[in-house]
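The structure appears below as structure tokens.
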Amino acid sequence: MTERTFRPTTPDLPPVATVTDTTALAQAADATRVASIGARGPRGEPGPATRTAAEDAAASPGPDAAGAADVPDTPGPAREAAAVTVAEPAVVLYEVNGSVARVTMNRPEYRNAQNSKMTYALDDAFYRAAADPDVKVVILAGAGKHFSAGHDIGTPGRDIDQSFDRRAGLWWDHVGQLGAESRFAREQEVYLGMCRRWRELPKPTIAQVQGACIAGGLMLAWVCDLIVASDDAFFADPVVRMGIPGVEYFAHPWVMGPRAAKEFLFLGERVDARRALDLGMVNRVVPRAELATEVTSIAERIATMPRLGLALTKKAVNQAEDLMGLQTGMDAVFGLHHLAHAHNAEVGKDSLAGHDARSMRDARRGSESSA
Ligand code: ZN
């Protein structure tokens, strides 16, 4: 096992241990209650053994080439310059303090763009938090300046053609399949299925959102029970520009109301934290410097409630939301979503209507300058 001390780029978190051998994860966690997840590749293959920080820096694409939809303009955090050999940082960090588990997306150099490796590492973390009798509340956070800029549509770590052992259902592997069959199998598993699975985690979850929460990033925040945003947070789903009716986990009308959802989608513009609060999409807005402290405080107060009471209360509200049509609505829209992908692929260059992170950013800027 290779191990070193790794300090996340966010100032909110203490140093954590990064382990590259997940078989040793349990031992490490037992010893320190802190671990990292996702340093291995698909299907349990070891990830790249080691690479130097200098190679890491060379692989960093800079502010114009990061890979998620509507990538913010700010450059990623500064990277380590020393050419020392280090283990590849895990894409998800996991730590437990008292009754609260903190799960942190850890691709800050790509604004936490979500690839499959991160998706399955998040699932590992949530599964672990659910199973741990000492954990009563789970926080989902993003390292760095941004919560998440969405699905990975262009970083060097994009892994849509890699196989992972499926967790969300029994549909067959998308790899090696063609056209809509491949696309449907993949998105059902890693997007819609995983988000539904995480929503049902029987312990309260809190999204701690700063900076960008864009497209696929919305899905991660929306599956959490509470959303606490910093005053610099902003939210947007710009995928209508690709001809697609919203992201795969189509919760828009339920998290902000139908009329606001139409405005949010039609314009695809950024909604700031205050507006999101007015729309009822987030629970609280706090100063950036107080975000992690405030979220931890809320989690610790919730954790004083009895575990079963919390689980049943969560289920009660989720059931009410389902009776308001959330699940059947999302199933219906998932079909429309895939009609849009298939149409794009049939008449154009690809299922995203030829868009990538850069073209989405340029389109947004063009729209803002004409407003
Ligand atoms: Zn899609």
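The chains in the structure tokens are called A, B, ... from first to last as shown; in each chain the residues are counted from 1, and the ligands are counted from 1 in the order shown.
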
task = DSSP on the backbone, then: every residue of segment 144-188 of chain A marked alpha helix (DSSP H), written as a ChimeraX atom specification.
result = /A:179-187

ask   = Asn344 of chain A: which residues within 9 Å, counting only C-alpha atoms, same-chain residues fewer than 4 positions away excluded, as a list in words?
value =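 Returned residues: Met242, Gly243, Ile244, Leu339, Ala340, Gly348, Lys349, Asp350, Ser351, Leu352, Ala353 and Gly354 of chain A.
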
Keeping N, CA and C atoms for every residue in the selection just given, could you write it to a file as a PDB file, in the first residue's frame?
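What follows is the written file out.pdb:
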ATOM      1  N   MET A 242     -28.103  22.209 -26.173  1.00  0.00           N
ATOM      2  CA  MET A 242     -27.763  20.998 -26.929  1.00  0.00           C
ATOM      3  C   MET A 242     -29.020  20.351 -27.522  1.00  0.00           C
ATOM      4  N   GLY A 243     -30.157  20.993 -27.328  1.00  0.00           N
ATOM      5  CA  GLY A 243     -31.412  20.410 -27.803  1.00  0.00           C
ATOM      6  C   GLY A 243     -31.989  19.371 -26.866  1.00  0.00           C
ATOM      7  N   ILE A 244     -31.477  19.335 -25.632  1.00  0.00           N
ATOM      8  CA  ILE A 244     -31.851  18.290 -24.665  1.00  0.00           C
ATOM      9  C   ILE A 244     -32.700  18.919 -23.550  1.00  0.00           C
ATOM     10  N   LEU A 339     -34.603  10.628 -26.661  1.00  0.00           N
ATOM     11  CA  LEU A 339     -35.037  11.024 -28.011  1.00  0.00           C
ATOM     12  C   LEU A 339     -34.139  12.166 -28.502  1.00  0.00           C
ATOM     13  N   ALA A 340     -33.854  13.114 -27.616  1.00  0.00           N
ATOM     14  CA  ALA A 340     -33.014  14.254 -28.001  1.00  0.00           C
ATOM     15  C   ALA A 340     -31.595  13.805 -28.334  1.00  0.00           C
ATOM     16  N   GLY A 348     -26.748  15.055 -36.713  1.00  0.00           N
ATOM     17  CA  GLY A 348     -25.552  15.885 -36.544  1.00  0.00           C
ATOM     18  C   GLY A 348     -24.321  15.072 -36.233  1.00  0.00           C
ATOM     19  N   LYS A 349     -23.418  15.729 -35.536  1.00  0.00           N
ATOM     20  CA  LYS A 349     -22.099  15.163 -35.307  1.00  0.00           C
ATOM     21  C   LYS A 349     -22.090  14.134 -34.177  1.00  0.00           C
ATOM     22  N   ASP A 350     -22.833  14.416 -33.122  1.00  0.00           N
ATOM     23  CA  ASP A 350     -22.843  13.503 -31.977  1.00  0.00           C
ATOM     24  C   ASP A 350     -24.092  13.751 -31.128  1.00  0.00           C
ATOM     25  N   SER A 351     -24.220  12.998 -30.050  1.00  0.00           N
ATOM     26  CA  SER A 351     -25.438  13.062 -29.238  1.00  0.00           C
ATOM     27  C   SER A 351     -25.545  14.352 -28.435  1.00  0.00           C
ATOM     28  N   LEU A 352     -24.459  15.139 -28.378  1.00  0.00           N
ATOM     29  CA  LEU A 352     -24.478  16.419 -27.661  1.00  0.00           C
ATOM     30  C   LEU A 352     -24.591  17.591 -28.631  1.00  0.00           C
ATOM     31  N   ALA A 353     -25.045  17.315 -29.840  1.00  0.00           N
ATOM     32  CA  ALA A 353     -25.214  18.363 -30.862  1.00  0.00           C
ATOM     33  C   ALA A 353     -23.904  19.078 -31.159  1.00  0.00           C
ATOM     34  N   GLY A 354     -22.817  18.329 -31.046  1.00  0.00           N
ATOM     35  CA  GLY A 354     -21.516  18.889 -31.392  1.00  0.00           C
ATOM     36  C   GLY A 354     -20.931  19.794 -30.329  1.00  0.00           C
TER      37      GLY A 354
END

request  = Fewer than 3 positions away in the same chain doesn't count, so skip those; otherwise give me all residues within 12 Å of Asp225 of chain A, counting only C-alpha atoms, as a ChimeraX atom specification.
outcome  = /A:137-140,198-208,220-222,228,255,281-283,299,302,310-311,313-315,317-318,321

For the interface of chain A with ligand 1 (cut-off 9 Å, counting only C-alpha atoms and all ligand atoms), please tabulate each contacting residue of chain A alongside its nearest pair of atoms and their separation in Å to one decimal, rows sorted by chain and increasing number, as CSV.
residue,atom,partner,partner_atom_place_in_ligand_line,distance
A:Arg183,CA,ligand 1,1 (Zn),7.6
A:Phe184,CA,ligand 1,1 (Zn),8.2
A:Glu187,CA,ligand 1,1 (Zn),6.1
A:Tyr191,CA,ligand 1,1 (Zn),8.1
A:Ile244,CA,ligand 1,1 (Zn),7.9
A:Gly246,CA,ligand 1,1 (Zn),8.6
A:Val247,CA,ligand 1,1 (Zn),6.5
A:Glu248,CA,ligand 1,1 (Zn),5.7
A:Phe334,CA,ligand 1,1 (Zn),8.5
A:His337,CA,ligand 1,1 (Zn),6.4
A:His338,CA,ligand 1,1 (Zn),6.7
A:Ala340,CA,ligand 1,1 (Zn),8.6
A:His341,CA,ligand 1,1 (Zn),6.7
A:Ser351,CA,ligand 1,1 (Zn),8.2
A:Leu352,CA,ligand 1,1 (Zn),8.2

Close residues, Glu368 of chain A itself excluded, 12 Å, only C-alpha atoms, min 6 positions apart in chain, as a PyMOL selection string = chain A and resi 267-270+361-362

Export C-alpha atoms of the chosen residues as a JSON list (two decimals), in the first residue's frame?
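What ended up in result_26.json:
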[["chain", "number", "residue", "atom", "x", "y", "z"],
["A", 267, "LEU", "CA", -32.75, 30.58, -20.49],
["A", 268, "GLY", "CA", -30.09, 28.19, -19.20],
["A", 269, "GLU", "CA", -28.67, 31.11, -17.28],
["A", 270, "ARG", "CA", -27.01, 31.12, -13.92],
["A", 361, "ARG", "CA", -19.02, 28.46, -22.49],
["A", 362, "ASP", "CA", -18.69, 30.50, -25.68]]

message = If I take atom CA of Ala168 of chain A and atom CA of Asn115 of chain A, how far is one from the other in Å, to one decimal?
response =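 A separation of 15.9 Å between them.
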
message = From the options A:Gly193, A:Gly154, A:Ser182, A:Asn106, which residue's atoms come nearest to Leu170 of chain A, counting only C-alpha atoms?
response = A:Gly193

request  = Identify which of the residues A:Asp124, A:Asp231, A:Asp134, A:Asp322 lies closest to Arg284 of chain A, counting only C-alpha atoms when measuring atom-to-atom distances.
outcome  =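 Closest to Arg284 of chain A, using only C-alpha atoms: A:Asp231.
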
query = Could you name the residues that touch Ala260 of chain A at 12 Å or less, counting only C-alpha atoms, but leaving out those on the same chain fewer than 3 positions away, as number ranges by chain?
reply = A: 252-257, 263-268, 271, 275-276, 278-281

message = For a test of reading the model, state the distance in Å between atom CA of Leu226 of chain A and atom CA of Arg186 of chain A, rounded to one decimal.
response =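 One can read the atom CA of Leu226 of chain A to atom CA of Arg186 of chain A distance as 27.7 Å.
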
note = Between A:Gly211, A:Pro133, A:Gly176, A:Gly142, smallest distance to Met105 of chain A by only C-alpha atoms belongs to A:Gly142
